[in-house]
Amino acid sequence: MRMKAHSYLFRTCLCLAVILALIGAAFTLSVNIGARQIAPDVIWRAILSYDSRDSEQVIIRTLRLPRAITALAVGASFAVSGALMQAATRNPMASPSVLGINAGAALGLAIAMVLRPSAGFSETVLFSFGGAAFASAFIFGVGSLGSFGTSPVRLALTGTAIAALFNAFSQALAVYFKISQDLTFWNAGGISGVRPEQAALLLPWTAAGLLLAIALSRSITLLSLGDEVASGLGGRTAWIRFFACVAVLILAGSSVAVAGPIGFVGLVVPHGVRALVGVDYRRVIPISILSGGLLVLLADIVARLVNPPFETPAGAVTALIGVPFFIYLATKKQ
């Protein structure tokens, strides 16, 4: 047992070192890629000694840096949301995209576009929170009906069906109120239009959600072992689930408001992280933060390179990884 713990600790340290190195390389590449190639020294000057008279530094500070930072924040948020949901529901197929929480947040944002077209980001986030909360309650309520309870496949199928329903409502609002173009581009999932003001407003929400998740990590580990075990070890399961739900709503709601429903990040990343560092969420949460950020950052880079100068939505890139993995999980016998 002690050797196994040391093995996981070594893997965790190794993962941290490798992922941080990859994030550094990917971040530099993300800031460098674009219609205009910019030398690395200009990037560092834009960060350390910004000169607003230099057009290249203006591009870095107003377009590319906010985009790269937002990719990291959004990826971390979706990955940690998925990890929390999988532990809280003991459902390996749980994630904000699979269970329809992203679709609920998207419906909330569509309603915000209709009712408050000139709303700022903070108000838009509140609509996304409301949509995500409604989706959570609706999906778990419908999924628990009948004699079979909330089995993993049943809950996933319920979430998928209700996500389709919410998306249909969103599209109906878009067509009737003539906001189809804006909503369609946003629904595809991407961060190409992010500006410094949006990134600055997103980061406090992301930080709050991630700090709450880290604070819950020990309790979430107990919860993932089952309610009886968690209660026997002093865990208050109802409160743990409540605060885990709050963290998911903060992370998923704020990220969807900025980047759209980028799918499958919260499904794939936690499984990969647990395979590397074990099931202790004191390790899973921090590694998921870095891994999720790296995945979305790489997806955004690929999205820019597929068909330049046009951009492919980052959500399409993550779906190429997530859909086969979802099918694999759905067909497992256990």
# chains A, B, ... in the order shown; residues from 1 in each chain; ligands from 1
>>> select_by_dssp(residues="region 215-334 of chain A", states="alpha helix (DSSP H)", output="MDAnalysis selection string")
chainID A and resid 215:224 227:232 237:259 265:277 281:305 314:331
>>> closest_atom_pairs(of="region 68-158 of chain A", to="region 247-271 of chain A", cutoff="6 Å", atoms="only C-alpha atoms", output="CSV")
residue,atom,partner,partner_atom,distance
A:Val74,CA,A:Ser255,CA,5.3
A:Ser77,CA,A:Leu251,CA,5.0
A:Phe78,CA,A:Gly266,CA,5.0
A:Ala79,CA,A:Gly266,CA,4.1
A:Ser81,CA,A:Val248,CA,4.9
A:Gly82,CA,A:Gly266,CA,4.0
A:Ala83,CA,A:Pro270,CA,5.2
A:Ser95,CA,A:Gly266,CA,5.1
A:Ser97,CA,A:Gly263,CA,5.2
A:Asn102,CA,A:Pro261,CA,5.3
A:Ala105,CA,A:Gly253,CA,5.8
A:Val125,CA,A:Ser254,CA,5.5
A:Ser128,CA,A:Gly253,CA,5.0
A:Phe129,CA,A:Gly253,CA,4.9
>>> closest_residue(among="A:Cys15, A:Leu320, A:Val98, A:Ala110", to="Ile179 (chain A)", atoms="only C-alpha atoms")
A:Ala110
>>> residues_around(residues="region 325-331 of chain A", least_positions_apart="3", cutoff="8 Å", atoms="only C-alpha atoms", output="compact mmCIF listing (two decimals) with N, CA, C and O atoms, in the first residue's frame")
# COMPACT_ATOMS: atom_id res chain seq x y z
N PRO A 92 -19.44 7.18 -14.30
CA PRO A 92 -18.26 7.45 -15.12
C PRO A 92 -18.55 8.22 -16.41
O PRO A 92 -17.63 8.71 -17.06
N MET A 93 -19.84 8.33 -16.78
CA MET A 93 -20.20 9.03 -18.01
C MET A 93 -20.64 10.45 -17.74
O MET A 93 -21.05 11.16 -18.67
N VAL A 153 -25.80 4.67 -17.56
CA VAL A 153 -26.26 4.78 -18.94
C VAL A 153 -27.61 5.50 -18.99
O VAL A 153 -27.84 6.34 -19.88
N LEU A 267 -15.51 14.99 -19.77
CA LEU A 267 -15.64 13.53 -19.79
C LEU A 267 -14.28 12.85 -19.91
O LEU A 267 -13.96 11.93 -19.17
N VAL A 268 -13.46 13.33 -20.83
CA VAL A 268 -12.20 12.66 -21.17
C VAL A 268 -11.12 12.91 -20.12
O VAL A 268 -10.44 11.98 -19.66
N ILE A 321 -12.20 13.79 -30.18
CA ILE A 321 -11.63 12.94 -29.13
C ILE A 321 -12.74 12.38 -28.24
O ILE A 321 -12.73 11.20 -27.88
N GLY A 322 -13.70 13.22 -27.91
CA GLY A 322 -14.69 12.85 -26.91
C GLY A 322 -15.74 11.86 -27.37
O GLY A 322 -16.15 10.98 -26.59
>>> residues_around(residues="Ala299 (chain A)", least_positions_apart="2", cutoff="8 Å", atoms="only C-alpha atoms", output="list in words")
Leu295, Val296, Leu297, Ile301, Val302, Ala303, Ala314, Gly315, Val317 and Thr318 of chain A
>>> write_last_selection(atoms="C-alpha atoms", output="PDB file, in the first residue's frame")
ATOM      1  CA  LEU A 295      -6.484  20.223 -23.918  1.00  0.00           C
ATOM      2  CA  VAL A 296      -8.580  23.278 -24.805  1.00  0.00           C
ATOM      3  CA  LEU A 297      -5.479  25.346 -25.572  1.00  0.00           C
ATOM      4  CA  ILE A 301      -4.432  25.872 -31.823  1.00  0.00           C
ATOM      5  CA  VAL A 302      -5.579  22.982 -34.044  1.00  0.00           C
ATOM      6  CA  ALA A 303      -8.787  24.876 -34.847  1.00  0.00           C
ATOM      7  CA  ALA A 314     -12.647  24.323 -30.931  1.00  0.00           C
ATOM      8  CA  GLY A 315     -15.704  22.327 -29.872  1.00  0.00           C
ATOM      9  CA  VAL A 317     -11.839  19.405 -32.284  1.00  0.00           C
ATOM     10  CA  THR A 318     -12.648  18.210 -28.754  1.00  0.00           C
TER      11      THR A 318
END
>>> closest_atom_pairs(of="region 39-109 of chain A", to="region 278-293 of chain A", cutoff="7 Å", atoms="only C-alpha atoms", output="CSV")
residue,atom,partner,partner_atom,distance
A:Ala71,CA,A:Gly293,CA,6.3
A:Leu72,CA,A:Gly293,CA,3.8
A:Ala73,CA,A:Gly293,CA,6.2
A:Val74,CA,A:Gly293,CA,6.8
A:Gly75,CA,A:Gly293,CA,4.0
A:Ala76,CA,A:Ile289,CA,4.2
A:Ala79,CA,A:Gly292,CA,5.0
A:Val80,CA,A:Ser288,CA,6.0
>>> residues_around(residues="Ala244 (chain A)", least_positions_apart="6", cutoff="9 Å", atoms="only C-alpha atoms", output="list in words")
Ser81, Leu84, Met85, Ala88, Leu212, Ala213, Leu216 and Ile220 of chain A
>>> residues_around(residues="Gln57 (chain A)", least_positions_apart="3", cutoff="7 Å", atoms="only C-alpha atoms", output="short mmCIF file (atom, residue, chain, number, x, y, z; two decimals) with N, CA and C atoms, in the first residue's frame")
data_model
loop_
_atom_site.label_atom_id
_atom_site.label_comp_id
_atom_site.auth_asym_id
_atom_site.auth_seq_id
_atom_site.Cartn_x
_atom_site.Cartn_y
_atom_site.Cartn_z
N VAL A 42 9.02 39.90 -29.19
CA VAL A 42 7.94 40.89 -29.14
C VAL A 42 6.87 40.44 -28.14
N ILE A 43 6.63 39.12 -28.10
CA ILE A 43 5.65 38.60 -27.16
C ILE A 43 6.05 38.91 -25.72
N ALA A 46 5.61 42.54 -24.97
CA ALA A 46 4.19 42.88 -24.78
C ALA A 46 3.71 42.51 -23.38
N TYR A 50 4.80 46.68 -21.92
CA TYR A 50 3.84 46.95 -22.99
C TYR A 50 3.96 48.37 -23.52
N ASP A 51 4.00 48.48 -24.86
CA ASP A 51 4.05 49.77 -25.55
C ASP A 51 2.86 49.83 -26.50
N SER A 52 1.86 50.66 -26.17
CA SER A 52 0.64 50.73 -26.97
C SER A 52 0.86 51.30 -28.36
N ASP A 54 3.19 50.21 -30.39
CA ASP A 54 3.67 49.10 -31.22
C ASP A 54 2.47 48.23 -31.60
N ILE A 60 -0.91 41.36 -29.52
CA ILE A 60 -0.64 40.38 -28.47
C ILE A 60 -1.51 40.65 -27.25
N ARG A 61 -1.55 41.88 -26.79
CA ARG A 61 -2.24 42.20 -25.54
C ARG A 61 -3.76 42.18 -25.67
#
>>> atom_distance(atom1="CA of Phe169 (chain A)", atom2="CA of Phe242 (chain A)")
27.8 Å
